[in-house]
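Visitor: Would you mind keeping the following structure in view while I ask a few things?
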Amino acid sequence: MYRTATTMKNDEILRIEAKWRTRWEADRAAFVDTAEPAGEGTYLLVMLPYPSGDRLHVGHARTYFLTDALHRFLRQTGVTVFCPMGWDAFGLPAENYAIQKGIHPRTSTLANIAAMKEQFRSWGVLYDWTKEVTTCEPEYYRWNQWFFLKLFEKGLAVRKKAAVNWCPSCLTVLANEQAEGGVCDRCKTPVVPRELEQWFLKITDYAERLLDGLDTLDKWPEKVVTMQRNWIGKSTGADLDFAIPSLSASVRVFTTRPDTVFGATALILAPEHALVPRLLEGHPKKAGLEAWVASVRSQERIVREAEGAEKDGRDTGRTAINPFTGREVPVWLANFVIAEYGTGALMAVPAHDTRDFEFAKKYGIPIVKVIEPEREEKKEEFLRKKEGTGDFLRREEGEDGAVSECYTGEGRLVASGPFSEMSSSSAREAIAAEAGRRGIGGPRVRYRLRDWLISRQRYWGTPIPMIHCEKDGWVPVPEKDLPVVLPPDAPFTGKGGNPLEKVASFVNTTCPTCRGPARRETDTMDTFVDSSWYFLRYIDPRNSRAPFDPNLVREWAPVDQYIGGIEHAILHLLYARFFTRILKDLGLVTFEEPFSALFNQGMITRLSPAGRVEKMSKSRGNSVSLDQLIAEKGADAVRAFVLFLGPPEKDAEWSDEGISGPERFLWRVRGAVERFLQTGADPEARPAKADTPAARARHIAVKKVTEDFRAFSFHTAVAHLMELLNHAASLLGDAGADAGETATTLRTLVKLLHPIAPHLSEEMNERMGGKKSLLVSGWPEFDPALAEMETASIAVQISGKVRAELSVRRGSSEKEVVTAAEGNPAVARWLEGKQRVKTIWVQDRLLNIVVK
RNA sequence: GCGAAAGUGGCGGAAUUGGUAGACGCGCAAGGCUCAGGACCUUGUAGCCCUUACCGGCUGUGGGGGUUCGAGUCCCCCCUUUCGCACCA
């Protein structure tokens with residue numbers, strides 16, 4: 001059958017790519033592996049991928065193409081680069097797959113890894129596979145267990161009872177970070193609260209250090225830093241105790257506004273508060289109240305925290321004493337009070353807090369004004385503006401015609417006993433200090449961040465190395481007994497909880513302390529533990545005596561450039577920062593911040609069947625098969641197109657037709673080289689003259705492409721490569737052109753192209769007489785003087801309007817250009833009969849003659 | 001509601017110490033080569049107007065105002081979109 005030009009072209013491209021893939025594998029030393037740590041170099045890292053059974057599609061490719069382009073560029077410029085790859089191999093999908101299909105998680109995971117590795121191979125991405133890490137292997141996870149023991153020793157791994165997020169679909173608990181917005185991070189099922197005893201890592205002890213470190217991350221996206229800062233959520237204020245005489249007890253509240261305490265007209269507790277059962281004791285409607293408490297407590301978080309959720313409360317009938325006014329205030333329970341924040345109780349100041357105001361209006365709680373804006377005009381201003389200052393004023397007219405106001409700004413205290421007339425800020429300090437003196441609280445800093453819940457009621461994860469003994473309680477597994485190996489067989493029924501519980505040989509053990517019978521912990525660790533330190537294991541992956549050799553780690557870490565998606569802004573990146581601090585405290589590393597620079601690439605989007613432009617994903621039905629595209633057009637074209645799509649930090653919409661541009665470009669590069677070779681000229685020839693327009697175009701291209709790569713501006717790098725090809729093509733079409741210039745332009749083009757299209761560039765390099773891989777052939781240098789046009793194109797404006805362009809020698813003086821401009825008919829026309837007011841001259845760029 | 005980023009041809013996007021807006025590519029159009037072409041090559045392509053043609057003119061970077069010889073870029077107000085946070089006391 002007769003072959004079309006298209007299939008011939010594709011066959012040739014695919015032949016070239018296959019050839020180079022083979023070459024790379026045959027000679028890893030020259031093309032792939034990086035040097036051993038040598039004290040200098042760049043540690044380039046991609047976020048650890050999870051080997052799911054699904055093939056990676058176009059939507060996933062950007063991170064890897066981007067990293068590889070950067071990797072190759074740096075290697076070409078002579079930098080030693082460490083760029084490893086491994087697998088986040090534990091995870092829920094593998095276990096669910098086992099339940100559905102009866103295939104063991106380990107079997108499917110290892111098969112997925114092999115498949116994914118093969119995909120990477122077909123993309124031409126370079127990784128140092130000699131440093132591969134697989135987190136589900138005992139050689140790796142034993143160190144998770146080792147770290148856990150160290151944390152336990154230091155009191156940073158604790159077992160405590162708490163209301164936790166339970167995902168009814170995954171049948172496991174989730175860390176707060178994984179239940180953001182009240183839905184499960186993985187399956188989006190609304191989580192429900194559950195009171196359970198679980199293992200936590202005390203990340204809250206590190207809140208201040210995690211916050212401080214954010215200030216040093218100047219090479220992180222501002223957005224991620226802000227998100228982490230909000231997540232840690234530091235607030236400065238005071239703790240205050242409200243006594244409840246009828247119970248001979250007191251309730252501690254936290255407030256950021258102790259200056260408003262004289263306006264606190266109610267004490268409101270979360271339904272989860274420990275004192276609630278005692279408060280309800282003896283209440284005439286106890287049963288009804290208890291039912292209400294139970295219903296609020298079992299509500300899905302997504303419902304309870306929903307926007308505009310109705311404030312719902314109940315009066316306990318008890319009273320507390322405002323410690324500053326000495327007056328009785330009612331004790332309420334309300335759904336909006338969060339048990340885990342602060343003390344799970346708050347003082348309501350309706351006159352100066354919009355939320356309390358709303359609650360007070362609904363339930364008739366008194367509103368007592370204790371802060372007066374500094375000036376009346378200011379108050380009116382707030383009323384008008386209502387925003388922009390952070391202060392706020394709300395004015396409402398009640399049914400009885402009485403006007404009530406809520407002012408949340410700063411001001412001067414009134415009706416506040418000895419504190420009256422003080423400013424908000426000094427009163428805050430004075431009242432907090434007074435509380436401290438009286439032993440009823442005092443100044444206090446609190447964080448929104450909560451401890452990291454790491455227990456998971458699942459099989460496929462790192463066993464938590466703890467043993468429970470009736471006599472000795474929770475006893476850590478002795479270090480010498482590590483790893484606690486996950487038993488190979490477990491019943492994956494999908495019913496009745498964690499399969500590990502049913503493995504008697506695993507569960508039944510002896511207590512390390514008393515040698516009596518004991519039970520092993522069957523919960524496994526959150527997989528984010530695995531990814532919290534993997535970047536250090538890459539450096540020393542086969543160490544069997546320690547998680548890593550601190551000396552080797554000192555050579556490479558911290559990671560110089562980390563690349564990954566924004567979805568890990570607060571999960572993985574916060575945990576990894578926390579772990580690094582622990583490792584520092586253990587004396588294993590010398591730094592606190594694991595990732596010096598972070599880059600978040602944007603998602604690839606595409607129109608989905610639902611008619612919206614959405615993130616490309618298999619489940620949305622808008623994914624494009626990378627395997628198929630590569631089999632058809634070759635990896636280089638796909639790489640070039642994905643990088644050409646747009647600024648890598650922004651989302652980019654996939655277009656099915658768009659790939660033809662980069663595809664044509666690469667084919668034209670090959671065409672230009674072949675055409676040149678057919679002329680019989682020496683491909684290694686040098687230009688006869690240095691200072692020619694062609695040489696200048698070449699130097700400009702080198703300059704721009706180099707700067708683009710350094711700035712992660714891959715899309716403009718491709719554009720500038722296209723321009724350089726157009727120059728080469730016109731040299732080829734010009735019979736009078738210097739063959740040395742043409743050859744040099746082509747060789748330069750091929751070198752610059754390598755980070756984008758490694759296969760084709762290596763082939764073209766070889767065709768042009770290159771003896772070594774482009775990875776070690778050096779990066780073209782440019783002469784800054786030559787990288788400027790010889791002639792300057794001057795825009796001549798008359799009163800700010802461009803009337804002519806003059807091509808003059810670079811460095812021409814104002815006088816020369818003015819004379820030239822006057823001689824230009826297009827300019828002269830506008831000058832005729834006008835009076836010159838002034839002249840603006842920008843060297844080599846512009847001349848503006850202002851007339852009237 | 002709060003915070004951040006963004007808004008440029010039919011499309012993706014270039015260009016911001018203020019200095020020739022639309023690089024590069026897609027799409028489209030015309031021509032060439034072809035039995036043919038979803039291949040390849042060449043040329044054109046912001047809009048409007050004038051002109052036989054050449055030359056030329058006006059408008060134009062979400063809207064309105066301002067600073068400046070000159071604004072996509074700086075300042076003020078407004079609109080829209082996306083993202084993040086959101087009863088955190």
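The chains in the structure tokens are called A, B, ... from first to last as shown; in each chain the residues are counted from 1, and the ligands are counted from 1 in the order shown.
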Enumerate as a PyMOL selection string all residues of range 181-389 of chain A assigned to strand (DSSP E or B) by DSSP on the backbone, naming them with the chain letters and numbers the document uses.
Guide: chain A and resi 183+190+192-201+219+234-244+249-255+266-269+313-321+328-334+345-348+371-372
Visitor: What residues in chain B have any atom no more than 10 Å from chain A when counting only C-alpha atoms (C1' of nucleotides), and can you write them as a PyMOL selection string?
Guide: chain B and resi 1-5+11-14+19-20+23-27+37-40+55-56+69-70+83-89
Visitor: Would you please extract all alpha helix (DSSP H) residues from range 272-508 of chain A, as assigned by DSSP on the backbone, and give them as JSON, numbers by chain?
Guide: {"A": [276, 277, 278, 279, 280, 286, 287, 288, 289, 290, 291, 292, 293, 294, 295, 296, 297, 301, 302, 303, 304, 354, 355, 356, 357, 358, 359, 360, 361, 362, 363, 376, 377, 378, 379, 380, 381, 382, 383, 384, 385, 424, 425, 426, 427, 428, 429, 430, 431, 432, 433, 434, 435, 436, 437, 504, 505, 506, 507]}
Visitor: Identify which of the residues A:Thr134, A:Ser619, A:Gln145, A:Ser425 lies closest to Lys480 in chain A, counting only C-alpha atoms when measuring atom-to-atom distances.
Guide: A:Gln145
Visitor: Could you state the separation of CA of Met422 in chain A and CA of Phe324 in chain A in Å, given to one decimal place?
Guide: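 CA of Met422 in chain A sits 15.3 Å away from CA of Phe324 in chain A.
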Visitor: Please, what distance in Å, to one decimal, runs between CA of Ala518 in chain A and CA of Thr462 in chain A?
Guide: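 Going from CA of Ala518 in chain A over to CA of Thr462 in chain A, I get 19.6 Å.
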Visitor: Within 7 Å of range 297-302 of chain A, counting only C-alpha atoms (C1' of nucleotides), which residues qualify if same-chain residues fewer than 3 places away don't, as an MDAnalysis selection string?
Guide: chainID A and resid 181:183 190:193 271:272 293:294 305:306
Visitor: Pull C-alpha atoms from the residues just selected and write them as a short mmCIF file (atom, residue, chain, number, x, y, z; two decimals), in the first residue's frame.
Guide:
```cif
data_model
loop_
_atom_site.label_atom_id
_atom_site.label_comp_id
_atom_site.auth_asym_id
_atom_site.auth_seq_id
_atom_site.Cartn_x
_atom_site.Cartn_y
_atom_site.Cartn_z
CA GLY A 181 -14.28 21.80 53.87
CA GLY A 182 -15.80 18.85 55.68
CA VAL A 183 -15.30 16.39 52.84
CA PRO A 190 -18.85 14.41 53.68
CA VAL A 191 -17.05 13.39 56.85
CA VAL A 192 -18.85 12.81 60.11
CA PRO A 193 -17.43 13.41 63.56
CA PRO A 271 -22.11 20.95 72.35
CA GLU A 272 -18.97 18.78 72.64
CA VAL A 293 -26.71 18.10 71.56
CA ALA A 294 -26.50 14.63 70.06
CA GLU A 305 -20.01 24.60 58.75
CA ALA A 306 -21.94 25.45 55.61
#
```
Visitor: Using only C-alpha atoms (C1' of nucleotides), which protein or nucleic acid residues come within 9 Å of Ile582 in chain A? Drop anything in the same chain fewer than 4 positions from it, and give the result as a list in words.
Guide: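 Counting only the stated atoms, we get Leu151, Tyr206, Arg577, Phe578, Leu586, Gly587, Leu588 and Glu592 of chain A.
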Visitor: At a cut-off of 9 Å, using only C-alpha atoms (C1' of nucleotides), what residues contact range 56-67 of chain A? Leave out same-chain residues fewer than 6 positions from it and give the result as JSON, numbers by chain.
Guide: {"A": [44, 45, 46, 47, 83, 116, 119, 120, 123, 124, 125, 563, 564, 565, 600, 601, 602, 603, 604, 605, 615, 616, 617, 618, 623, 624, 625, 626, 627, 629, 638, 639, 640, 642, 643, 648, 654, 712, 714, 756]}
